[in-house]
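> My questions all concern the structure below.
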Amino acid sequence: MHEWALAEAIVETVYSFLSERKTRKIVSLNVVIGKLQSADREILRFALTELFKSRGIEVGELRLDEEEALLRCRSCSKTWRLRDLDLSDDVKEAIHFIPEVIHVYVKCPNCSSQDLEIVSGRGIYIASMELRS
Amino acid sequence: MNLKNSAIIKRLEDIERIIAIVSGKGGVGKTLIASTMALTMTKIGFPSGLLDMDFTNSSCHLILGVDVLKEKPVEDMGIHPVKVHGVEFMSVAFYSRGEALPLRGIEVDSVFRELLMITKWGRLKALVVDTPPGFGDVILNIASYLPRAEFIAVTTPNLLSLEALRRLAGTYMKRRILGVIVNMSYKSIRSSVEGMGFKVLVEIPRYDDLEEYIGNVDKLMETGFAGKIKEAVLKVLD
């Protein structure tokens, strides 16, 4: 479960952030999952809950949102969404681990360039975190 | 909020030493040296890993004879490297099918973080890192985000390669350079290298038949080249 490794990275980041502020309590935490990483939401939620608990961190509300993958061609500026693409399962899995390998498998539908920018939906990040004052 | 460097550092905490093989100039043999070093360390009882950080043009798997279409890292609470002749091996090539991966700087940074964040190396004596030539994103990331990382510089007696080494001596990375491997040596440049303030780990002569052993680890480890790498490894681990 690659989701566990991602969850560990989030928990470690939060832990170090909270340590600097000498607290272990979070009112709400919003984690965004980019579509390119296609992490399993439920596994991620379970992993986060367990890992926060093991680190002694109390999280009031844990929100996991998905973000559409938006690509833009740096050559011709065409912008499109990943859901428009027909990718095989093994390619999706490769992108799931390392989103940047999309440059191998996806070309601009307009000009065939591989110089693409992942505008949104790349990976996992913490969108917001509210601490108890 | 970006996932922090502390997450990466924690992931690497069971690795005793991180040694990056660097050079300002391409074509000096970094990949062969990095791969042979990891194999040698493991063979002499120092379980080691090999991480190919030449993301856009990975080739350690070719030296190790790994078919990236057939062999894949196992997913279990993270990604576990592929074991090759005892070496824990990780490369983006497993996910790019060994094809060219055109990346800009910011994307190199993302791959760097992702790969280090998801790979579960386990307990290692050393992690050898192969890097792309020059002083770009990967080298800067290693220098800045992995404070424990040490460097081994590679040069040849070629004037342009030596000039790249002189430039490296002028960077803030100099104090973390364990020593220099002089590869494809047709004349000794020990005094020039030492004059730059570097220790020479080994001078390796040019072996014209090395190409024949690419992809054949057993044969590679029997070569004079591997013997020379062992000399360097023993100095580094001393």
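Residue names in the structure tokens use chain letters A, B, ... in the order shown, residue numbers from 1 in each chain, and ligand numbers from 1 in the order shown.
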So that each row is one residue of chain A with an atom at most 12 Å from chain B, can you give its shortest atom pair and the distance in Å to one decimal, using only C-alpha atoms, rows by chain and rising number, as CSV?


```
residue,atom,partner,partner_atom,distance
A:Met1,CA,B:Met77,CA,4.4
A:His2,CA,B:Gly78,CA,4.3
A:Glu3,CA,B:Met77,CA,6.9
A:Trp4,CA,B:Met77,CA,4.9
A:Ala5,CA,B:Gly78,CA,4.7
A:Leu6,CA,B:Ile118,CA,6.7
A:Ala7,CA,B:Met77,CA,9.6
A:Glu8,CA,B:Ala7,CA,7.5
A:Ala9,CA,B:Ala7,CA,5.0
A:Ile10,CA,B:Leu3,CA,6.2
A:Val11,CA,B:Ala7,CA,8.4
A:Glu12,CA,B:Ala7,CA,5.3
A:Thr13,CA,B:Lys4,CA,5.2
A:Val14,CA,B:Leu3,CA,8.6
A:Tyr15,CA,B:Ser6,CA,9.6
A:Ser16,CA,B:Ser6,CA,7.4
A:Phe17,CA,B:Lys4,CA,9.1
A:Leu29,CA,B:Met1,CA,11.4
A:Asn30,CA,B:Met1,CA,10.6
A:Val31,CA,B:Met1,CA,9.7
A:Val32,CA,B:Met1,CA,10.6
A:Gln37,CA,B:Glu114,CA,10.8
A:Ile43,CA,B:Met77,CA,10.6
A:Leu44,CA,B:Met77,CA,10.9
A:Ala47,CA,B:Met77,CA,9.5
A:Arg74,CA,B:Arg104,CA,11.0
A:Asp90,CA,B:Tyr95,CA,9.2
A:Val91,CA,B:Tyr95,CA,8.1
A:Lys92,CA,B:Tyr95,CA,10.1
A:Glu93,CA,B:Tyr95,CA,8.4
A:Ala94,CA,B:Tyr95,CA,4.9
A:Ile95,CA,B:Tyr95,CA,7.5
A:His96,CA,B:Tyr95,CA,9.5
A:Phe97,CA,B:Tyr95,CA,7.8
A:Ile98,CA,B:Val111,CA,6.6
A:Pro99,CA,B:Val111,CA,8.0
A:Glu100,CA,B:Val111,CA,6.6
A:Val101,CA,B:Ser96,CA,5.7
A:Ile102,CA,B:Ser96,CA,8.4
A:His103,CA,B:Leu101,CA,6.3
A:Val104,CA,B:Leu101,CA,5.8
A:Tyr105,CA,B:Ser96,CA,8.2
A:Val106,CA,B:Leu101,CA,11.2
A:Lys107,CA,B:Pro102,CA,11.4
A:Ser113,CA,B:Pro102,CA,10.5
A:Gln114,CA,B:Pro102,CA,7.2
A:Asp115,CA,B:Pro102,CA,7.1
A:Leu116,CA,B:Leu103,CA,8.9
A:Glu117,CA,B:Glu107,CA,8.9
A:Ile118,CA,B:Glu107,CA,9.2
A:Val119,CA,B:Glu107,CA,11.7
A:Arg122,CA,B:Ser110,CA,9.7
A:Gly123,CA,B:Glu114,CA,9.2
A:Ile124,CA,B:Leu3,CA,8.4
A:Tyr125,CA,B:Asn2,CA,6.0
A:Ile126,CA,B:Met1,CA,5.2
A:Ala127,CA,B:Met1,CA,6.4
A:Ser128,CA,B:Met1,CA,7.6
A:Met129,CA,B:Met1,CA,9.1
```

> Export, as a PDB file, in the first residue's frame, the selected residues with C-alpha atoms.


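File result25.pdb, as written:
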```pdb
ATOM      1  CA  MET A   1       0.000   0.000   0.000  1.00  0.00           C
ATOM      2  CA  HIS A   2       1.768   3.064  -1.291  1.00  0.00           C
ATOM      3  CA  GLU A   3      -0.896   5.133   0.493  1.00  0.00           C
ATOM      4  CA  TRP A   4       0.770   4.282   3.804  1.00  0.00           C
ATOM      5  CA  ALA A   5       4.044   5.822   2.650  1.00  0.00           C
ATOM      6  CA  LEU A   6       2.179   8.969   1.573  1.00  0.00           C
ATOM      7  CA  ALA A   7       0.322   9.056   4.885  1.00  0.00           C
ATOM      8  CA  GLU A   8       3.621   8.745   6.766  1.00  0.00           C
ATOM      9  CA  ALA A   9       5.011  11.732   4.865  1.00  0.00           C
ATOM     10  CA  ILE A  10       1.929  13.804   5.754  1.00  0.00           C
ATOM     11  CA  VAL A  11       1.993  12.769   9.425  1.00  0.00           C
ATOM     12  CA  GLU A  12       5.724  13.445   9.690  1.00  0.00           C
ATOM     13  CA  THR A  13       5.239  16.899   8.138  1.00  0.00           C
ATOM     14  CA  VAL A  14       2.376  17.705  10.507  1.00  0.00           C
ATOM     15  CA  TYR A  15       4.275  16.317  13.499  1.00  0.00           C
ATOM     16  CA  SER A  16       7.266  18.538  12.825  1.00  0.00           C
ATOM     17  CA  PHE A  17       4.966  21.566  12.248  1.00  0.00           C
ATOM     18  CA  LEU A  29      -7.025  19.096   8.540  1.00  0.00           C
ATOM     19  CA  ASN A  30      -7.723  19.255   4.803  1.00  0.00           C
ATOM     20  CA  VAL A  31      -5.612  16.963   2.604  1.00  0.00           C
ATOM     21  CA  VAL A  32      -5.927  17.170  -1.170  1.00  0.00           C
ATOM     22  CA  GLN A  37      -1.582   9.974  -7.888  1.00  0.00           C
ATOM     23  CA  ILE A  43      -6.911   3.471   2.693  1.00  0.00           C
ATOM     24  CA  LEU A  44      -5.331   6.905   3.022  1.00  0.00           C
ATOM     25  CA  ALA A  47      -3.550   5.125   7.402  1.00  0.00           C
ATOM     26  CA  ARG A  74       4.234  24.309 -22.861  1.00  0.00           C
ATOM     27  CA  ASP A  90      -0.175  -0.351 -15.923  1.00  0.00           C
ATOM     28  CA  VAL A  91       0.478   3.210 -17.108  1.00  0.00           C
ATOM     29  CA  LYS A  92      -1.986   4.543 -14.531  1.00  0.00           C
ATOM     30  CA  GLU A  93      -0.133   2.544 -11.897  1.00  0.00           C
ATOM     31  CA  ALA A  94       3.257   3.951 -12.970  1.00  0.00           C
ATOM     32  CA  ILE A  95       1.838   7.486 -12.790  1.00  0.00           C
ATOM     33  CA  HIS A  96       0.286   6.637  -9.413  1.00  0.00           C
ATOM     34  CA  PHE A  97       3.800   6.087  -7.997  1.00  0.00           C
ATOM     35  CA  ILE A  98       5.712   8.840  -9.804  1.00  0.00           C
ATOM     36  CA  PRO A  99       3.292  11.337 -11.427  1.00  0.00           C
ATOM     37  CA  GLU A 100       6.069  12.910 -13.540  1.00  0.00           C
ATOM     38  CA  VAL A 101       6.410   9.744 -15.646  1.00  0.00           C
ATOM     39  CA  ILE A 102       3.312  11.052 -17.411  1.00  0.00           C
ATOM     40  CA  HIS A 103       5.859  12.749 -19.692  1.00  0.00           C
ATOM     41  CA  VAL A 104       6.694   9.327 -21.108  1.00  0.00           C
ATOM     42  CA  TYR A 105       3.124   8.246 -21.796  1.00  0.00           C
ATOM     43  CA  VAL A 106       1.158  11.390 -22.595  1.00  0.00           C
ATOM     44  CA  LYS A 107       1.663  13.806 -25.441  1.00  0.00           C
ATOM     45  CA  SER A 113       4.828  17.769 -27.495  1.00  0.00           C
ATOM     46  CA  GLN A 114       5.973  15.971 -24.322  1.00  0.00           C
ATOM     47  CA  ASP A 115       6.858  19.270 -22.658  1.00  0.00           C
ATOM     48  CA  LEU A 116       3.782  19.304 -20.466  1.00  0.00           C
ATOM     49  CA  GLU A 117       3.015  21.130 -17.277  1.00  0.00           C
ATOM     50  CA  ILE A 118       0.950  19.476 -14.572  1.00  0.00           C
ATOM     51  CA  VAL A 119      -1.191  22.469 -13.633  1.00  0.00           C
ATOM     52  CA  ARG A 122      -0.332  16.071  -9.297  1.00  0.00           C
ATOM     53  CA  GLY A 123      -0.074  14.589  -5.837  1.00  0.00           C
ATOM     54  CA  ILE A 124      -0.946  14.855  -2.212  1.00  0.00           C
ATOM     55  CA  TYR A 125      -0.639  18.050  -0.230  1.00  0.00           C
ATOM     56  CA  ILE A 126      -1.980  19.683   2.900  1.00  0.00           C
ATOM     57  CA  ALA A 127      -4.408  22.394   1.798  1.00  0.00           C
ATOM     58  CA  SER A 128      -5.201  23.741   5.257  1.00  0.00           C
ATOM     59  CA  MET A 129      -4.757  22.987   8.931  1.00  0.00           C
TER      60      MET A 129
END
```

> For stretch 31-109 of chain B versus stretch 125-142 of chain B, which residues have an atom no more than 10 Å away, and what is each residue's nearest atom pair and distance in Å rounded to one decimal, using only C-alpha atoms, chain-then-number order, as a Markdown table?


```
| residue | atom | partner | partner_atom | distance |
| --- | --- | --- | --- | --- |
| B:Thr31 | CA | B:Asp130 | CA | 5.8 |
| B:Leu32 | CA | B:Asp130 | CA | 9.0 |
| B:Ile33 | CA | B:Asp130 | CA | 8.6 |
| B:Ala34 | CA | B:Asp130 | CA | 5.6 |
| B:Ser35 | CA | B:Asp130 | CA | 7.8 |
| B:Thr36 | CA | B:Val128 | CA | 9.8 |
| B:Met37 | CA | B:Val128 | CA | 7.4 |
| B:Ala38 | CA | B:Val128 | CA | 6.0 |
| B:Leu39 | CA | B:Val128 | CA | 9.8 |
| B:Met41 | CA | B:Ala126 | CA | 8.0 |
| B:Thr42 | CA | B:Lys125 | CA | 8.8 |
| B:Gly45 | CA | B:Lys125 | CA | 9.1 |
| B:Phe46 | CA | B:Lys125 | CA | 5.5 |
| B:Pro47 | CA | B:Lys125 | CA | 5.5 |
| B:Ser48 | CA | B:Ala126 | CA | 4.8 |
| B:Gly49 | CA | B:Leu127 | CA | 4.5 |
| B:Leu50 | CA | B:Val128 | CA | 4.9 |
| B:Leu51 | CA | B:Val129 | CA | 4.8 |
| B:Asp52 | CA | B:Asp130 | CA | 5.0 |
| B:Met53 | CA | B:Thr131 | CA | 5.0 |
| B:Asp54 | CA | B:Pro132 | CA | 4.7 |
| B:Phe55 | CA | B:Pro132 | CA | 7.9 |
| B:Thr56 | CA | B:Pro132 | CA | 8.6 |
| B:Asn57 | CA | B:Pro132 | CA | 8.3 |
| B:Ser58 | CA | B:Pro132 | CA | 8.8 |
| B:Ser59 | CA | B:Asp130 | CA | 9.4 |
| B:Cys60 | CA | B:Asp130 | CA | 7.8 |
| B:Val87 | CA | B:Leu127 | CA | 9.5 |
| B:Glu88 | CA | B:Leu127 | CA | 8.7 |
| B:Phe89 | CA | B:Leu127 | CA | 9.5 |
| B:Met90 | CA | B:Val129 | CA | 9.8 |
| B:Ser91 | CA | B:Asp130 | CA | 10.0 |
| B:Arg104 | CA | B:Asp137 | CA | 9.5 |
| B:Gly105 | CA | B:Asp137 | CA | 6.3 |
| B:Ile106 | CA | B:Asp137 | CA | 8.3 |
| B:Glu107 | CA | B:Asp137 | CA | 9.7 |
| B:Val108 | CA | B:Asp137 | CA | 6.8 |
| B:Asp109 | CA | B:Asp137 | CA | 6.8 |
```

> Next, write the just-selected residues to a file, as a compact mmCIF listing (two decimals), in the first residue's frame, keeping C-alpha atoms as the atom set.


```txt
# COMPACT_ATOMS: atom_id res chain seq x y z
CA THR B 31 27.00 5.21 -13.52
CA LEU B 32 29.39 2.28 -13.84
CA ILE B 33 31.32 3.46 -10.78
CA ALA B 34 28.16 3.98 -8.68
CA SER B 35 26.76 0.57 -9.65
CA THR B 36 30.05 -1.26 -9.07
CA MET B 37 30.53 0.50 -5.73
CA ALA B 38 27.11 -0.61 -4.44
CA LEU B 39 27.78 -4.17 -5.65
CA MET B 41 30.06 -2.82 -0.72
CA THR B 42 27.37 -5.48 -0.53
CA GLY B 45 29.61 -7.37 3.85
CA PHE B 46 28.25 -3.82 3.83
CA PRO B 47 24.62 -4.20 2.69
CA SER B 48 24.07 -1.32 0.30
CA GLY B 49 21.51 0.30 -1.91
CA LEU B 50 21.78 1.95 -5.30
CA LEU B 51 19.55 4.86 -6.25
CA ASP B 52 19.58 6.09 -9.84
CA MET B 53 18.94 9.81 -9.69
CA ASP B 54 19.72 10.46 -13.33
CA PHE B 55 15.96 10.65 -13.79
CA THR B 56 15.78 11.87 -17.37
CA ASN B 57 18.18 9.25 -18.68
CA SER B 58 18.42 6.42 -16.13
CA SER B 59 20.88 3.65 -16.92
CA CYS B 60 22.01 1.87 -13.73
CA VAL B 87 21.93 -4.61 -3.69
CA GLU B 88 18.65 -2.79 -2.96
CA PHE B 89 18.05 -1.01 -6.25
CA MET B 90 15.64 1.78 -7.07
CA SER B 91 15.17 3.72 -10.29
CA ARG B 104 12.15 20.46 -16.30
CA GLY B 105 13.84 21.56 -13.07
CA ILE B 106 10.72 21.79 -10.93
CA GLU B 107 9.69 18.32 -12.08
CA VAL B 108 13.11 16.91 -11.24
CA ASP B 109 12.57 18.30 -7.75
```

> Suppose you want the space between atom CA of B:Arg166 and atom CA of B:Thr40; what is it in Å?

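Computing it gives 28.3 Å between the two atoms.
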
> Take atom CA of B:Ile229 and atom CA of B:Gly26 and report the distance between them in Å, one decimal.

19.1 Å

> Write down as a ChimeraX atom specification the residues belonging to chain A that are assigned strand (DSSP E) by DSSP computed on the backbone.

/A:25-34,58-67,70-73,79-81,116-120,124-131

> Just to confirm, what's the straight-line distance from atom CA of B:Ala149 to atom CA of B:Arg17 in Å (one decimal)?

7.0 Å

> Write out as a ChimeraX atom specification the residues lying within 9 Å of A:Glu66, counting only C-alpha atoms and excluding same-chain residues fewer than 5 positions away.

/A:31-35,38,41,121

> With distances taken over only C-alpha atoms, which residue among B:Ile152, B:Val182, B:Val28, B:Leu201 lies nearest B:Leu168?

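The shortest atom-to-atom distance to B:Leu168 comes from B:Ile152.
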